[in-house]
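Just below is one structure, and these are the notes that go with it.
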Amino acid sequence: MTAIRILPDRVANQIAAGEVIERPAAVVKELVENSLDAGATQIEVEFRHGGRSLIRIEDNGGGMSRDDALLSLERHATSKLLEAADLDRLGTFGFRGEALPSIASVSRFEMQTRPSDSDEGSEVLINGGKFVHVRDCGRPKGTRIIVSHLFNSVPARRKFLKSDTTESAHIIHCVRLYALACPQTAFTLIEDDRVIFRSPQCATLEERVAEIFGRQMAEGLLALETVEPGLRLSGLIGKPAVSRATRHEMITFINRRPVDSRTLNYALIESFHDAIPKGRYPVAVLFLELDPASVDVNVHPAKREVRFRDESRVRGFVIRAVLDRLRNASASSLPPDPVSTSDAVPISPGEIRPITSATVPTVDASRESRIAAPFPVYRPALPLASPPSAPIAFPNSTVAPPQAAATPPSRPARSNWRYLGLIHATYALFETDAGLGLLDRRAALERIWFERLDEQYRTGTLESQRLLLPVPVELDAISSVLLVDKLSFLEKHGIDVGEFGRNFFRIESIPSWLEPGDAEAFLRDLIGAFRDGRIDEKNSVLAREELARLSTNRALRLPDNLNETEAHGLVSQLFACRQPMTNPSGRPTFIELSHGELARRFQK
Ligand code: ADP
Ligand code: MG
């Protein structure tokens, strides 16, 4: 039997390297973190061949004396963590003192460093974990580390590396994350002699985003900041229409550390549930700050994963903050325009009849409005921390009460858009500021109708008409039983049905948007929905929404043509909605091909 013995440092380092340094991007991450911890205001990163042949990182931070430089290459040597208790209060990226020795054990590692209080710099060279030399060198204040021949001595690890392109993508992503986390530090990233980005010190995150992702992306974002006791969320989120096919641009930080947190990702996806089409992902660069003691960053060796002490509080906080911001955005972020909705030309009567607040209420809505959440349209699909029937408490007083949300404020139309025409009787084309806009006429009308009807049902401002000639309906036995059960629900929603014999009924009044000729068909739709359990009275919000959805299908009529005034009317009504970008089932109402996109497609 082999005796237990302490591993030689070199072997221990190589094993640790396997955990911490899984790929070239991990080297970059560790070294950039060290530069930031050293207070650098300028960091330059260069790499070749996906980081395999060379990674160079140079900073103007505090640097190290010769003794410190040698010590930094010892295992568990760190200037950052003194006692285990400090783990709770970490203000720096590094704390394990493992990175440098691990990297040096699996590469050719050359470090030059000079602290500000010394004229002379030191150079240390280590090759595959073996000390080669330490000597004086000239260098400006700060540290330069060159890592070459990465994993040459560890063929097993080298085998796992992906193509140069993939490894390079990881490095670029990694440097971007830290550049976003620290806008005040200037960053340069160079791949194979090509500058990927060079960003000077930036005053704000917005500037930094524009520097490294381009102005266009920056323009699609909204600034956000919300504070609750012990929690702060700040950063940028995509405007409601902005979405991506992948989650790569959902970027989150906790206490400035880039993280891949399931809790935060889910909270974001949830919050954008109604703002972007299904299957798409939001764009966000968000910073969550909280007491370091209430989050554990020590779960994963590469420190990307975190664990919160109170997951549901964090989740609820993030969802509320993002929803709140999105909601304010759809109320205020439309481009300024001289024409207000009230001046806008109404759409032809067959299309949408204006719904006025002077409508005589025919239903008692007191119960409904009491249970309704203040913010029904953004209702997340997963339950929040608070019970579903209780209104979600929004910390900011900026959230409008239900009444105010009821009538969308008059908002500017987009009259500077040029209407180009209707194609395939379906899509209205517009020349917009950003490029070419395509509006799905049906989806847009569905959204407009849905919000209006939902509002009427919710606030009890539903206008109902008594039929001169009641419509007789004969039902099968099961439907009859179902219907008798639902008569009072229907009455509250503007449909009066009287029973006048076994399986025989009479529709006596209907909502005014409904054509009397459609009354019977609509009633049968409703019975079908009751039968499938799609309208459940116990959940009044959902029941109302389903009712509004069915009503929308029934109410909607598309005239053959759409002239210019009608097209602009449609746009202004759509963008007066709370959720203009999707129809009630989550499909897009409007897509825009930007100038950039058009130029790309034409390979300009
Ligand atoms: P950790 O960051 O966990 O402390 P590292 O192995 O990454 O461990 O670094 C060890 C120590 O080396 C750091 O604590 C720091 O004192 C010093 N160090 C590393 N990189 C730099 C740098 N770029 N500038 C100044 N000091 C550095
Ligand atoms: Mg470190």
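Naming works like this for the structure tokens: A, B, ... for the chains as they're shown, residue 1 at the start of each chain, ligands 1 onward in shown order.
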
Excluding Arg549 (chain A) and any residue of its chain fewer than 2 positions from it, enumerate the residues within 10 Å of it, using only C-alpha atoms, and give them as a list in words.
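Answer for this query is Glu446, Arg447, Trp449, Phe450, Glu451, Leu453, Asp454, Ala543, Arg544, Glu545, Glu546, Leu547, Ser551, Thr552, Asn553, Arg554, Ala555, Asn583, Pro584 and Ser585 of chain A.
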
Check which residues fall inside 6 Å of ligand 2 when counting only C-alpha atoms and all ligand atoms, and print them as a ChimeraX atom specification.
/A:30,33-34,94,99

Considering only C-alpha atoms and all ligand atoms, give me a table of residues in chain A that are at most 9 Å from ligand 1, with the closest atom pair and distance in Å for each, as a Markdown table.
| residue | atom | partner | partner_atom_place_in_ligand_line | distance |
| --- | --- | --- | --- | --- |
| A:Glu30 | CA | ligand 1 | 7 (O) | 6.1 |
| A:Leu31 | CA | ligand 1 | 20 (N) | 6.5 |
| A:Val32 | CA | ligand 1 | 23 (N) | 7.6 |
| A:Glu33 | CA | ligand 1 | 2 (O) | 7.2 |
| A:Asn34 | CA | ligand 1 | 20 (N) | 4.4 |
| A:Ser35 | CA | ligand 1 | 23 (N) | 4.0 |
| A:Leu36 | CA | ligand 1 | 23 (N) | 7.5 |
| A:Asp37 | CA | ligand 1 | 24 (N) | 7.3 |
| A:Ala38 | CA | ligand 1 | 25 (C) | 4.7 |
| A:Gly39 | CA | ligand 1 | 24 (N) | 8.0 |
| A:Ala40 | CA | ligand 1 | 24 (N) | 8.0 |
| A:Ile57 | CA | ligand 1 | 23 (N) | 8.3 |
| A:Glu58 | CA | ligand 1 | 23 (N) | 7.6 |
| A:Asp59 | CA | ligand 1 | 23 (N) | 6.5 |
| A:Asn60 | CA | ligand 1 | 24 (N) | 8.2 |
| A:Gly61 | CA | ligand 1 | 24 (N) | 5.7 |
| A:Gly62 | CA | ligand 1 | 25 (C) | 5.3 |
| A:Gly63 | CA | ligand 1 | 25 (C) | 4.1 |
| A:Met64 | CA | ligand 1 | 25 (C) | 5.4 |
| A:Asp68 | CA | ligand 1 | 17 (C) | 7.2 |
| A:Ala69 | CA | ligand 1 | 12 (O) | 6.8 |
| A:Leu70 | CA | ligand 1 | 12 (O) | 8.9 |
| A:Leu71 | CA | ligand 1 | 12 (O) | 7.6 |
| A:Ser72 | CA | ligand 1 | 12 (O) | 4.2 |
| A:Leu73 | CA | ligand 1 | 6 (O) | 6.6 |
| A:Glu74 | CA | ligand 1 | 6 (O) | 8.0 |
| A:Arg75 | CA | ligand 1 | 6 (O) | 7.5 |
| A:His76 | CA | ligand 1 | 8 (O) | 7.2 |
| A:Ala77 | CA | ligand 1 | 10 (C) | 5.7 |
| A:Thr78 | CA | ligand 1 | 14 (O) | 3.5 |
| A:Ser79 | CA | ligand 1 | 14 (O) | 4.0 |
| A:Lys80 | CA | ligand 1 | 14 (O) | 5.2 |
| A:Leu81 | CA | ligand 1 | 4 (O) | 7.3 |
| A:Thr92 | CA | ligand 1 | 2 (O) | 8.0 |
| A:Phe93 | CA | ligand 1 | 2 (O) | 6.8 |
| A:Gly94 | CA | ligand 1 | 2 (O) | 3.5 |
| A:Phe95 | CA | ligand 1 | 3 (O) | 3.5 |
| A:Arg96 | CA | ligand 1 | 3 (O) | 3.8 |
| A:Gly97 | CA | ligand 1 | 8 (O) | 3.0 |
| A:Glu98 | CA | ligand 1 | 6 (O) | 4.4 |
| A:Ala99 | CA | ligand 1 | 6 (O) | 3.8 |
| A:Leu100 | CA | ligand 1 | 6 (O) | 3.9 |
| A:Pro101 | CA | ligand 1 | 6 (O) | 6.1 |
| A:Ser102 | CA | ligand 1 | 6 (O) | 7.7 |
| A:Ile103 | CA | ligand 1 | 6 (O) | 8.6 |
| A:Thr113 | CA | ligand 1 | 24 (N) | 7.4 |
| A:Arg114 | CA | ligand 1 | 25 (C) | 8.6 |
| A:Pro115 | CA | ligand 1 | 25 (C) | 8.0 |
| A:Gly142 | CA | ligand 1 | 24 (N) | 6.3 |
| A:Thr143 | CA | ligand 1 | 23 (N) | 5.0 |
| A:Arg144 | CA | ligand 1 | 23 (N) | 7.1 |
| A:Ile145 | CA | ligand 1 | 23 (N) | 7.7 |

List as a tab-separated table every residue of region 36-60 of chain A that is in contact with region 151-175 of chain A, defined as an atom at most 8 Å from one of its atoms (using only C-alpha atoms), together with the nearest atom pair and the distance in Å rounded to one decimal, sorted by chain and then rising number.
residue	atom	partner	partner_atom	distance
A:His49	CA	A:Asp164	CA	5.5
A:Gly50	CA	A:Ser168	CA	4.2
A:Gly51	CA	A:Ser168	CA	6.8
A:Arg52	CA	A:Phe151	CA	7.9

Which residues come within 9 Å of Glu44 (chain A), counting only C-alpha atoms, excluding same-chain residues fewer than 3 positions away, as a ChimeraX atom specification?
/A:56-59,186-190,198

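Relative to CA of Asp532 (chain A), CA of Pro516 (chain A) is found at 25.2 Å.
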
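The two atoms in question, CA of Glu22 (chain A) and CA of Val106 (chain A), are spaced 10.9 Å apart.
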
Contacts of Pro229 (chain A) at 12 Å or less, counting only C-alpha atoms, minus same-chain residues fewer than 2 places along, as a PyMOL selection string?
chain A and resi 226-227+231-233+289-291+313-314+317+395

What is the CA of Leu221 (chain A) to CA of Val285 (chain A) distance in Å?
9.2 Å

Find the spatial neighbours of Leu593 (chain A), counting only C-alpha atoms, within a cut-off of 12 Å - ignore same-chain residues fewer than 6 positions away - and output them as a list in words.
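That gives Leu429, Phe430, Glu431, Thr432, Asp433, Ala434, Gly435, Leu436, Gly437, Leu438, Leu439, Ala599, Arg600 and Arg601 of chain A.
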
Closest of A:Val571, A:Val27, A:Ala203, A:Ala210 to Arg441 (chain A) - atom-to-atom distances counting only C-alpha atoms
A:Val571
